[in-house]
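Participant: Structure below; questions to follow.
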Amino acid sequence: MNRSWSFIAGLLATIGFSMMGLIFIPNWQFEELKPVVDQNGVSHPTPPAGSVLLGREVYISEGCLYCHSQQVRSADFGADIQRGWGTRRSVARDYIFDRPHLMGTMRTGPDLENIGARQPSRQWQYLHLYNPQITSPGSIMPQFHFLFKVTDKSGPVPAGSVDLPARDSPTNRDSYLIPTGRAQDLVDYLMSLNHSYDLPEAHQ
Amino acid sequence: MSTLAVQPEPPSPDITADYVTRVQIDRSCRQTVLGYYASAVAWLLIGSLAALITSIKMHHPEFLGNYEWITFGRIRPVHLNTVVYGWSSMVGIGTTLWLEARLCKVRLPYRTLLPATVIIWNAGVLWGVYEVLAGHSTGVEWLEFPPQVLGIFGFVLLVLFWVSLKMFNERHVHHTYVSQWYLFGSVVWFPILYSAAILLPTTGIVGGAAWATTNWWYAHNVLGLYVTPMGLATIYYLIPKVTGKPIYSYHLSLLGFWTNALFYSWIGTHHLVGGPLPAWVITLGIVGSIMMFVPVTTVAINHHMTMVGKFHMLKTSPTLRFIVFGAVSYTAVSYQGSLEALRSVSHVAHFTHYTVAHAHLGMYSFYTMTMFGAMYYIVPRLTRNEWSSAPLIKVHFWTTALGVLAYFCALSWAGWYEGEMMNNPLIPFIKIVDYTKPYLVARSISGSFMTIGHIAFAILVFRILRGSDFSMIGPTLFTTKRGTWRRREKTA
């Protein structure tokens, strides 16, 4: 290996070879995947748009992906389905609109691939994001106080607010919890995480 | 051991000429390499602080909980990116340049441009950290910095490639040494990896699930084709240099290099075992991981067999002790990684703290400890000064060595049981969280020890760079007694 150019050619060959196998060939295979359309004419998966897309940005910005995966493993590989995290395993088609992918590699918290179906209460989501201890005592999820405003119950009910009981309120009085626009977007996104539609390849 | 020490016997003309060459090379590297090293240590401290905040937040989530810019999901990637692109990259680049200059026996070229790249690279890391703290992360693990950072890092990486090529082609020794192949590998591979991982998805060529394979192709190749080659090159250079023994087998090192290149580049998709990808993509990753037994075994034989008969030197030489700690960790982390990729192991260990423990065995116990060893050897040669305190070096070694071992044990144990419990649907999720809490506290404690070590090291580096008041004849060893240093005569 005394000549630099032949050496460099060898180095390029090894990396090019793996790029082909792990990037381009899978990508060619996935490029052909199209959404499936159900009998109501709704296509699955649905491309995220509007507040869902904005909520996805909040999800990324606050780094939710470091503790929550978005992928359901098959019934014979882990307990994902028995835990109710999904009704079927996730497949590549579920991610065709994901830019970037948010599959995650850590489950410090539960999987969120179907959180919209599993926890459809917006009120629960707001209280949980404001302070996870309210809904899930013992949780180690961070509190997202900065995505909310809290006001006293003296005035009129603010639009979109939820009740915050005195014991959970910083003022120790019954209060209203008002989600900011970003909190609303984030919950819109979480609600959109619902991959309970059926795909044929998920049963293979 | 120290080439800068006064030679005990009357030097022959050959030794003198060689000595002068070495001093000239070291002088040519001085500004650039010390610039990279000083920056690296600063990022190590920042990375440690980010790590501690992250770790404490895991068991006390309300800790600093009202500051959005350091919420868990932002400070965690700041930790990863500062230690990868700040500490690991900068200490690696500094070491690479010095090793290449020494092995090619040429002086470092471009002595205006190269020191400038230190500032440019720092600016890139700083900008990236700012964007993540401000909430503008890309959301792609290991690539959280804005894609435009590619312009900054890419420029520096091209300069490094060019400098490496130039030195290689103008070298004054005909034969090449194994360290040179590894270093050259990393300077060729990393720019390709980094630009492909950023450009392919952002230009829309790759998307959806293929973005995930691209992501992990990149992230694992950062370890295998960028960090590992720099670490192995350093070990291959310094074990023979310090012990005075040649490397055990040249042929094995050749086999080890090319099998590493061939197999390591395929293993990234083991991060997606059980994931929503065709089985063949995952299987490729697993096969590659198992094939890694070949290069790892060859490297292990070469490193450890060279050490045979020289173990007594671990008592005295800080460089050797750190390097050998790194070499042993490399063997351990690689075998563990191969097994971890198996479906049966991944079934439990994936998605848990077990993986985090494994990552730190690689990036810290192997790479970081190796680079500490490299700095203990190289910095005195560049500053023409000695490390100012043997006790501080001892503090550095024991806090980091024991700290990372405790870290590894706590999180491996916690992670394995976390995985076992997660696979049992009868155990409520919150019970698993409860189970891991004491181990997360243990992580914060072991991390604090490592941070204490880093502060000790930073003090040593600061003092030797300042051109401390102290100098001594001969290198600072663990056994160096107090009072061996003498205060330099102040020159008016």
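Each chain in the structure tokens gets a letter, A, B, ..., in the order shown, and its residues are numbered from 1; ligands are numbered from 1 in order too.
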Hey, which bits of chain A sit within 7 Å of chain B, and for each residue what's the closest pair of atoms and how far apart in Å (one decimal), counting only C-alpha atoms, rows by chain and increasing number, as CSV?
Facilitator:
```
residue,atom,partner,partner_atom,distance
A:Asn2,CA,B:Thr176,CA,6.4
A:Leu11,CA,B:Gly185,CA,6.5
A:Thr14,CA,B:Leu262,CA,5.5
A:Ile15,CA,B:Ser265,CA,6.3
A:Ser18,CA,B:Trp266,CA,5.6
A:Leu22,CA,B:Thr213,CA,6.2
A:Ile23,CA,B:Thr214,CA,5.5
A:Pro26,CA,B:Ala210,CA,6.0
A:Asn27,CA,B:Ala210,CA,5.2
A:Ile60,CA,B:Gly139,CA,5.1
A:Ser61,CA,B:Gly135,CA,4.5
A:Glu62,CA,B:Gly73,CA,5.1
A:Gly63,CA,B:Gly73,CA,3.7
A:Cys64,CA,B:Gly73,CA,6.0
A:Tyr66,CA,B:Gly73,CA,6.5
A:Gln71,CA,B:Gly275,CA,6.5
A:Arg73,CA,B:Gly274,CA,5.6
A:Phe77,CA,B:His347,CA,6.4
A:Gly78,CA,B:Asn423,CA,4.9
A:Ala79,CA,B:Asn423,CA,4.7
A:Gln82,CA,B:Pro425,CA,5.9
A:Arg83,CA,B:Pro425,CA,5.4
A:Ser90,CA,B:Pro276,CA,5.1
A:Val91,CA,B:Pro276,CA,4.2
A:Ala92,CA,B:Pro276,CA,5.2
A:Tyr95,CA,B:Gly208,CA,5.0
A:Ile96,CA,B:Gly208,CA,4.5
A:Phe97,CA,B:Gly208,CA,6.0
A:Asp98,CA,B:Gly208,CA,4.9
A:Arg99,CA,B:Gly208,CA,6.3
A:Pro100,CA,B:Trp211,CA,6.8
A:His101,CA,B:Gly208,CA,5.9
A:Thr105,CA,B:Phe351,CA,5.2
A:Met106,CA,B:Phe351,CA,4.0
A:Arg107,CA,B:Phe351,CA,5.0
A:Gly138,CA,B:Ile430,CA,6.9
A:Ser139,CA,B:Ile430,CA,6.7
A:Ile140,CA,B:Pro61,CA,5.5
A:Met141,CA,B:Pro61,CA,6.2
A:Pro142,CA,B:Pro61,CA,5.0
A:Gln143,CA,B:Gly65,CA,6.5
A:His145,CA,B:Asn66,CA,6.5
A:Phe146,CA,B:Glu68,CA,6.6
```
Participant: Store the residues picked out above in a file with N, CA and C atoms, as a compact mmCIF listing (two decimals), in the first residue's frame.
Facilitator:
```txt
# COMPACT_ATOMS: atom_id res chain seq x y z
N ASN A 2 1.79 1.27 -0.92
CA ASN A 2 2.68 2.41 -0.96
C ASN A 2 2.23 3.48 -1.94
N LEU A 11 -10.29 2.17 -0.47
CA LEU A 11 -11.11 2.77 0.58
C LEU A 11 -12.48 3.16 0.04
N THR A 14 -14.84 0.08 -0.57
CA THR A 14 -15.52 -0.50 0.60
C THR A 14 -16.70 0.35 1.02
N ILE A 15 -16.53 1.66 1.04
CA ILE A 15 -17.62 2.49 1.54
C ILE A 15 -18.73 2.59 0.49
N SER A 18 -21.06 -0.44 0.64
CA SER A 18 -22.03 -0.45 1.74
C SER A 18 -23.11 0.61 1.53
N LEU A 22 -26.93 -0.41 1.83
CA LEU A 22 -27.73 0.04 2.98
C LEU A 22 -28.51 1.32 2.71
N ILE A 23 -28.19 2.04 1.64
CA ILE A 23 -28.93 3.27 1.35
C ILE A 23 -29.71 3.15 0.05
N PRO A 26 -32.24 -0.21 -0.45
CA PRO A 26 -33.48 -0.05 0.33
C PRO A 26 -34.33 1.10 -0.19
N ASN A 27 -33.67 2.20 -0.57
CA ASN A 27 -34.43 3.36 -1.04
C ASN A 27 -35.19 3.05 -2.32
N ILE A 60 -39.75 17.38 17.50
CA ILE A 60 -38.31 17.31 17.22
C ILE A 60 -37.55 18.31 18.07
N SER A 61 -38.09 19.53 18.13
CA SER A 61 -37.42 20.60 18.83
C SER A 61 -37.22 20.27 20.32
N GLU A 62 -38.22 19.62 20.94
CA GLU A 62 -38.11 19.28 22.36
C GLU A 62 -37.44 17.93 22.56
N GLY A 63 -37.06 17.28 21.47
CA GLY A 63 -36.29 16.04 21.57
C GLY A 63 -37.05 14.86 22.13
N CYS A 64 -38.34 14.74 21.83
CA CYS A 64 -39.15 13.62 22.34
C CYS A 64 -38.57 12.28 21.88
N TYR A 66 -35.75 11.09 21.81
CA TYR A 66 -34.67 10.43 22.54
C TYR A 66 -35.19 9.44 23.58
N GLN A 71 -42.25 2.84 16.47
CA GLN A 71 -42.21 1.61 15.67
C GLN A 71 -42.73 0.48 16.55
N ARG A 73 -42.95 -3.49 17.11
CA ARG A 73 -42.31 -4.74 16.67
C ARG A 73 -43.36 -5.84 16.56
N PHE A 77 -41.64 -10.79 18.49
CA PHE A 77 -40.38 -10.10 18.81
C PHE A 77 -40.68 -8.98 19.81
N GLY A 78 -40.65 -9.29 21.09
CA GLY A 78 -40.97 -8.30 22.10
C GLY A 78 -42.46 -8.29 22.39
N ALA A 79 -42.87 -7.47 23.36
CA ALA A 79 -44.26 -7.49 23.83
C ALA A 79 -45.03 -6.26 23.35
N GLN A 82 -48.73 -6.96 22.70
CA GLN A 82 -49.44 -7.30 23.95
C GLN A 82 -49.58 -6.09 24.87
N ARG A 83 -48.61 -5.18 24.81
CA ARG A 83 -48.71 -3.97 25.64
C ARG A 83 -49.73 -2.98 25.07
N SER A 90 -45.14 -2.45 12.59
CA SER A 90 -44.92 -1.36 11.64
C SER A 90 -44.14 -1.87 10.46
N VAL A 91 -44.42 -1.30 9.30
CA VAL A 91 -43.68 -1.67 8.09
C VAL A 91 -43.20 -0.40 7.39
N ALA A 92 -42.33 -0.56 6.41
CA ALA A 92 -41.71 0.60 5.76
C ALA A 92 -42.76 1.56 5.18
N TYR A 95 -43.97 4.80 6.87
CA TYR A 95 -43.06 5.94 7.03
C TYR A 95 -42.83 6.72 5.74
N ILE A 96 -43.62 6.42 4.68
CA ILE A 96 -43.28 7.02 3.39
C ILE A 96 -43.32 8.54 3.40
N PHE A 97 -44.10 9.16 4.32
CA PHE A 97 -44.15 10.62 4.35
C PHE A 97 -43.25 11.22 5.43
N ASP A 98 -42.52 10.38 6.15
CA ASP A 98 -41.73 10.88 7.27
C ASP A 98 -40.44 11.56 6.80
N ARG A 99 -40.34 12.86 7.05
CA ARG A 99 -39.13 13.63 6.72
C ARG A 99 -38.79 14.49 7.93
N PRO A 100 -37.83 14.18 8.75
CA PRO A 100 -37.03 12.96 8.78
C PRO A 100 -37.80 11.83 9.46
N HIS A 101 -37.20 10.65 9.44
CA HIS A 101 -37.78 9.52 10.18
C HIS A 101 -37.65 9.80 11.68
N THR A 105 -34.56 5.03 19.03
CA THR A 105 -33.80 3.85 19.41
C THR A 105 -33.90 3.59 20.90
N MET A 106 -34.76 4.33 21.57
CA MET A 106 -34.77 4.25 23.04
C MET A 106 -36.21 4.22 23.51
N ARG A 107 -36.48 3.43 24.55
CA ARG A 107 -37.81 3.40 25.13
C ARG A 107 -37.75 3.68 26.62
N GLY A 138 -44.63 9.09 39.22
CA GLY A 138 -43.42 8.28 39.13
C GLY A 138 -42.73 8.36 37.79
N SER A 139 -43.37 9.03 36.83
CA SER A 139 -42.76 9.18 35.50
C SER A 139 -41.48 10.02 35.60
N ILE A 140 -40.53 9.75 34.69
CA ILE A 140 -39.33 10.58 34.66
C ILE A 140 -39.32 11.48 33.42
N MET A 141 -40.49 11.67 32.83
CA MET A 141 -40.58 12.58 31.68
C MET A 141 -40.45 14.02 32.17
N PRO A 142 -39.78 14.87 31.38
CA PRO A 142 -39.68 16.27 31.80
C PRO A 142 -41.05 16.95 31.79
N GLN A 143 -41.18 17.99 32.59
CA GLN A 143 -42.40 18.79 32.52
C GLN A 143 -42.18 19.89 31.49
N HIS A 145 -43.60 23.03 31.29
CA HIS A 145 -44.31 24.22 31.77
C HIS A 145 -44.31 25.33 30.74
N PHE A 146 -43.21 25.43 30.02
CA PHE A 146 -43.04 26.55 29.09
C PHE A 146 -43.94 26.44 27.86
```
Participant: If you count only C-alpha atoms, which residues fall within 9 Å of segment 116-130 of chain A, apart from same-chain ones fewer than 5 positions away, as JSON, numbers by chain?
Facilitator: {"A": [84, 85, 86, 135, 136, 141, 142, 143, 144, 145, 146, 147, 148, 161, 162, 163, 164, 177, 178, 179, 183, 184, 187, 188, 189, 190, 191, 192, 193, 194, 195, 196]}
Participant: Write a file of the selected residues as a short mmCIF file (atom, residue, chain, number, x, y, z; two decimals), in the first residue's frame, keeping N, CA and C atoms.
Facilitator:
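Once everything was written out, this is out_11.cif:
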```cif
data_model
loop_
_atom_site.label_atom_id
_atom_site.label_comp_id
_atom_site.auth_asym_id
_atom_site.auth_seq_id
_atom_site.Cartn_x
_atom_site.Cartn_y
_atom_site.Cartn_z
N GLY A 84 -50.25 -3.28 23.92
CA GLY A 84 -51.26 -2.40 23.33
C GLY A 84 -50.67 -1.23 22.56
N TRP A 85 -49.37 -1.31 22.23
CA TRP A 85 -48.75 -0.19 21.51
C TRP A 85 -49.16 -0.17 20.05
N GLY A 86 -49.79 -1.22 19.59
CA GLY A 86 -50.25 -1.28 18.20
C GLY A 86 -50.98 -2.58 17.98
N THR A 135 -50.68 12.87 35.65
CA THR A 135 -51.36 11.73 35.05
C THR A 135 -50.60 10.42 35.26
N SER A 136 -49.29 10.52 35.40
CA SER A 136 -48.48 9.30 35.52
C SER A 136 -47.49 9.45 36.67
N MET A 141 -40.49 11.67 32.83
CA MET A 141 -40.58 12.58 31.68
C MET A 141 -40.45 14.02 32.17
N PRO A 142 -39.78 14.87 31.38
CA PRO A 142 -39.68 16.27 31.80
C PRO A 142 -41.05 16.95 31.79
N GLN A 143 -41.18 17.99 32.59
CA GLN A 143 -42.40 18.79 32.52
C GLN A 143 -42.18 19.89 31.49
N PHE A 144 -43.25 20.21 30.76
CA PHE A 144 -43.12 21.23 29.72
C PHE A 144 -43.93 22.47 30.10
N HIS A 145 -43.60 23.03 31.29
CA HIS A 145 -44.31 24.22 31.77
C HIS A 145 -44.31 25.33 30.74
N PHE A 146 -43.21 25.43 30.02
CA PHE A 146 -43.04 26.55 29.09
C PHE A 146 -43.94 26.44 27.86
N LEU A 147 -44.68 25.36 27.73
CA LEU A 147 -45.63 25.27 26.62
C LEU A 147 -47.03 25.65 27.07
N PHE A 148 -47.17 26.15 28.32
CA PHE A 148 -48.50 26.44 28.86
C PHE A 148 -48.50 27.75 29.62
N SER A 161 -58.82 25.91 27.07
CA SER A 161 -58.12 25.60 28.32
C SER A 161 -58.70 24.34 28.97
N VAL A 162 -57.92 23.77 29.88
CA VAL A 162 -58.41 22.64 30.66
C VAL A 162 -58.28 22.98 32.14
N ASP A 163 -59.08 22.29 32.98
CA ASP A 163 -59.03 22.57 34.42
C ASP A 163 -57.74 22.03 35.02
N LEU A 164 -57.13 22.86 35.85
CA LEU A 164 -55.94 22.43 36.57
C LEU A 164 -56.28 22.45 38.05
N LEU A 177 -55.54 25.75 32.75
CA LEU A 177 -54.27 25.49 32.07
C LEU A 177 -54.49 25.82 30.60
N ILE A 178 -53.77 26.83 30.11
CA ILE A 178 -53.98 27.28 28.72
C ILE A 178 -52.80 26.84 27.88
N PRO A 179 -53.03 25.90 26.95
CA PRO A 179 -51.92 25.49 26.09
C PRO A 179 -51.57 26.59 25.09
N ALA A 183 -48.12 23.96 22.05
CA ALA A 183 -48.66 22.80 22.76
C ALA A 183 -49.82 22.20 21.97
N GLN A 184 -50.66 23.10 21.41
CA GLN A 184 -51.80 22.60 20.62
C GLN A 184 -51.33 21.85 19.39
N VAL A 187 -49.96 18.43 20.39
CA VAL A 187 -51.03 17.46 20.68
C VAL A 187 -51.74 17.06 19.39
N ASP A 188 -51.90 18.01 18.46
CA ASP A 188 -52.46 17.64 17.14
C ASP A 188 -51.60 16.56 16.50
N TYR A 189 -50.29 16.74 16.61
CA TYR A 189 -49.39 15.74 16.02
C TYR A 189 -49.53 14.40 16.72
N LEU A 190 -49.53 14.43 18.07
CA LEU A 190 -49.65 13.17 18.81
C LEU A 190 -50.95 12.46 18.45
N MET A 191 -52.02 13.26 18.30
CA MET A 191 -53.32 12.68 17.95
C MET A 191 -53.27 12.03 16.55
N SER A 192 -52.42 12.60 15.70
CA SER A 192 -52.34 12.07 14.34
C SER A 192 -51.56 10.76 14.27
N LEU A 193 -50.85 10.44 15.37
CA LEU A 193 -50.06 9.20 15.36
C LEU A 193 -50.99 8.02 15.58
N ASN A 194 -51.51 7.53 14.50
CA ASN A 194 -52.46 6.43 14.55
C ASN A 194 -52.26 5.59 13.30
N HIS A 195 -51.61 4.48 13.50
CA HIS A 195 -51.32 3.59 12.36
C HIS A 195 -52.12 2.30 12.51
N SER A 196 -53.38 2.45 12.97
CA SER A 196 -54.16 1.23 13.20
C SER A 196 -54.85 0.72 11.93
#
```
Participant: Skip Thr151 of chain A itself and residues of its chain fewer than 4 positions away, then list as a VMD selection string all residues within 10 Å of it, counting only C-alpha atoms.
Facilitator: chain A and resid 155 157 to 158 161 164 169 to 171 173 to 178
Participant: Would you put the residues from that selection into a file with N, CA and C atoms, as a PDB file, in the first residue's frame?
Facilitator:
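This is the output file part04.pdb:
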```
ATOM      1  N   GLY A 155     -61.614  34.877  36.068  1.00  0.00           N
ATOM      2  CA  GLY A 155     -62.199  35.416  34.838  1.00  0.00           C
ATOM      3  C   GLY A 155     -63.004  34.383  34.073  1.00  0.00           C
ATOM      4  N   VAL A 157     -63.788  31.503  31.142  1.00  0.00           N
ATOM      5  CA  VAL A 157     -63.016  30.322  30.741  1.00  0.00           C
ATOM      6  C   VAL A 157     -62.245  30.635  29.460  1.00  0.00           C
ATOM      7  N   PRO A 158     -60.907  30.573  29.503  1.00  0.00           N
ATOM      8  CA  PRO A 158     -60.161  30.853  28.279  1.00  0.00           C
ATOM      9  C   PRO A 158     -60.398  29.742  27.257  1.00  0.00           C
ATOM     10  N   SER A 161     -58.820  25.905  27.073  1.00  0.00           N
ATOM     11  CA  SER A 161     -58.123  25.597  28.318  1.00  0.00           C
ATOM     12  C   SER A 161     -58.698  24.343  28.969  1.00  0.00           C
ATOM     13  N   LEU A 164     -57.125  22.860  35.850  1.00  0.00           N
ATOM     14  CA  LEU A 164     -55.935  22.428  36.567  1.00  0.00           C
ATOM     15  C   LEU A 164     -56.279  22.454  38.054  1.00  0.00           C
ATOM     16  N   SER A 169     -51.588  23.090  40.702  1.00  0.00           N
ATOM     17  CA  SER A 169     -51.358  24.438  40.200  1.00  0.00           C
ATOM     18  C   SER A 169     -50.271  25.125  41.015  1.00  0.00           C
ATOM     19  N   PRO A 170     -49.423  25.892  40.351  1.00  0.00           N
ATOM     20  CA  PRO A 170     -48.380  26.600  41.099  1.00  0.00           C
ATOM     21  C   PRO A 170     -48.963  27.600  42.093  1.00  0.00           C
ATOM     22  N   THR A 171     -50.225  28.054  41.863  1.00  0.00           N
ATOM     23  CA  THR A 171     -50.816  29.041  42.775  1.00  0.00           C
ATOM     24  C   THR A 171     -51.592  28.379  43.911  1.00  0.00           C
ATOM     25  N   ARG A 173     -54.395  27.168  43.814  1.00  0.00           N
ATOM     26  CA  ARG A 173     -55.833  27.393  43.665  1.00  0.00           C
ATOM     27  C   ARG A 173     -56.306  26.755  42.369  1.00  0.00           C
ATOM     28  N   ASP A 174     -57.583  26.416  42.329  1.00  0.00           N
ATOM     29  CA  ASP A 174     -58.110  25.863  41.085  1.00  0.00           C
ATOM     30  C   ASP A 174     -57.819  26.833  39.950  1.00  0.00           C
ATOM     31  N   SER A 175     -57.232  26.315  38.867  1.00  0.00           N
ATOM     32  CA  SER A 175     -56.790  27.214  37.786  1.00  0.00           C
ATOM     33  C   SER A 175     -57.176  26.653  36.429  1.00  0.00           C
ATOM     34  N   TYR A 176     -56.968  27.500  35.434  1.00  0.00           N
ATOM     35  CA  TYR A 176     -57.097  27.059  34.052  1.00  0.00           C
ATOM     36  C   TYR A 176     -55.699  26.845  33.481  1.00  0.00           C
ATOM     37  N   LEU A 177     -55.539  25.748  32.750  1.00  0.00           N
ATOM     38  CA  LEU A 177     -54.273  25.485  32.066  1.00  0.00           C
ATOM     39  C   LEU A 177     -54.491  25.816  30.598  1.00  0.00           C
ATOM     40  N   ILE A 178     -53.771  26.833  30.115  1.00  0.00           N
ATOM     41  CA  ILE A 178     -53.984  27.277  28.724  1.00  0.00           C
ATOM     42  C   ILE A 178     -52.796  26.841  27.876  1.00  0.00           C
TER      43      ILE A 178
END
```
Participant: When you count only C-alpha atoms, which of these residues is closest to Leu114 of chain B: B:Leu157, B:Ile198, B:Ile25, B:Ala401?
Facilitator: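 Smallest distance to Leu114 of chain B is found for B:Leu157.
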Participant: Go through B:Gly309, B:Gly362, B:Gly415, B:Pro147 one by one, measure the shortest atom-to-atom distance of each to Ala332 of chain B using only C-alpha atoms, and give the residue with the smallest value.
Facilitator: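 Using only C-alpha atoms, the shortest distance to Ala332 of chain B belongs to B:Gly362.
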Participant: Can you pull out the residues contacting His358 of chain B? Cut-off 8 Å, using only C-alpha atoms, and skip same-chain residues under 2 positions away; I want them as a VMD selection string.
Facilitator: chain B and resid 333 336 to 337 354 to 356 360 to 362 408 412
Participant: Kindly save the residues from that selection, with N, CA and C atoms included, as a CSV table (one decimal), in the first residue's frame.
Facilitator:
```csv
chain,number,residue,atom,x,y,z
B,333,VAL,N,-15.5,-4.1,23.8
B,333,VAL,CA,-16.7,-3.4,23.2
B,333,VAL,C,-17.0,-4.0,21.8
B,336,GLN,N,-18.6,-7.5,22.4
B,336,GLN,CA,-19.9,-7.2,22.9
B,336,GLN,C,-20.9,-6.8,21.8
B,337,GLY,N,-20.4,-5.8,21.0
B,337,GLY,CA,-21.2,-5.3,19.9
B,337,GLY,C,-21.6,-6.3,18.9
B,354,TYR,N,-29.0,-0.6,28.1
B,354,TYR,CA,-27.9,-1.5,27.8
B,354,TYR,C,-27.1,-0.9,26.6
B,355,THR,N,-27.8,-0.4,25.6
B,355,THR,CA,-27.1,0.2,24.4
B,355,THR,C,-26.3,1.4,24.8
B,356,VAL,N,-26.9,2.2,25.7
B,356,VAL,CA,-26.1,3.4,26.2
B,356,VAL,C,-24.8,3.0,26.8
B,360,HIS,N,-20.9,3.9,25.5
B,360,HIS,CA,-19.9,4.6,26.3
B,360,HIS,C,-18.6,3.7,26.5
B,361,LEU,N,-18.8,2.4,26.4
B,361,LEU,CA,-17.6,1.5,26.5
B,361,LEU,C,-16.8,1.7,25.2
B,362,GLY,N,-17.5,2.0,24.1
B,362,GLY,CA,-16.8,2.3,22.8
B,362,GLY,C,-16.2,3.7,22.8
B,408,PHE,N,-20.6,1.6,33.1
B,408,PHE,CA,-20.9,0.5,32.2
B,408,PHE,C,-21.7,-0.6,33.0
B,412,SER,N,-25.5,-1.4,32.1
B,412,SER,CA,-25.7,-2.7,31.4
B,412,SER,C,-26.7,-3.6,32.2
```
Participant: I'd like to know which of B:Ala357, B:Ile393, B:Met369, B:Val125 is closest to Leu150 of chain B, using only C-alpha atoms.
Facilitator: B:Val125
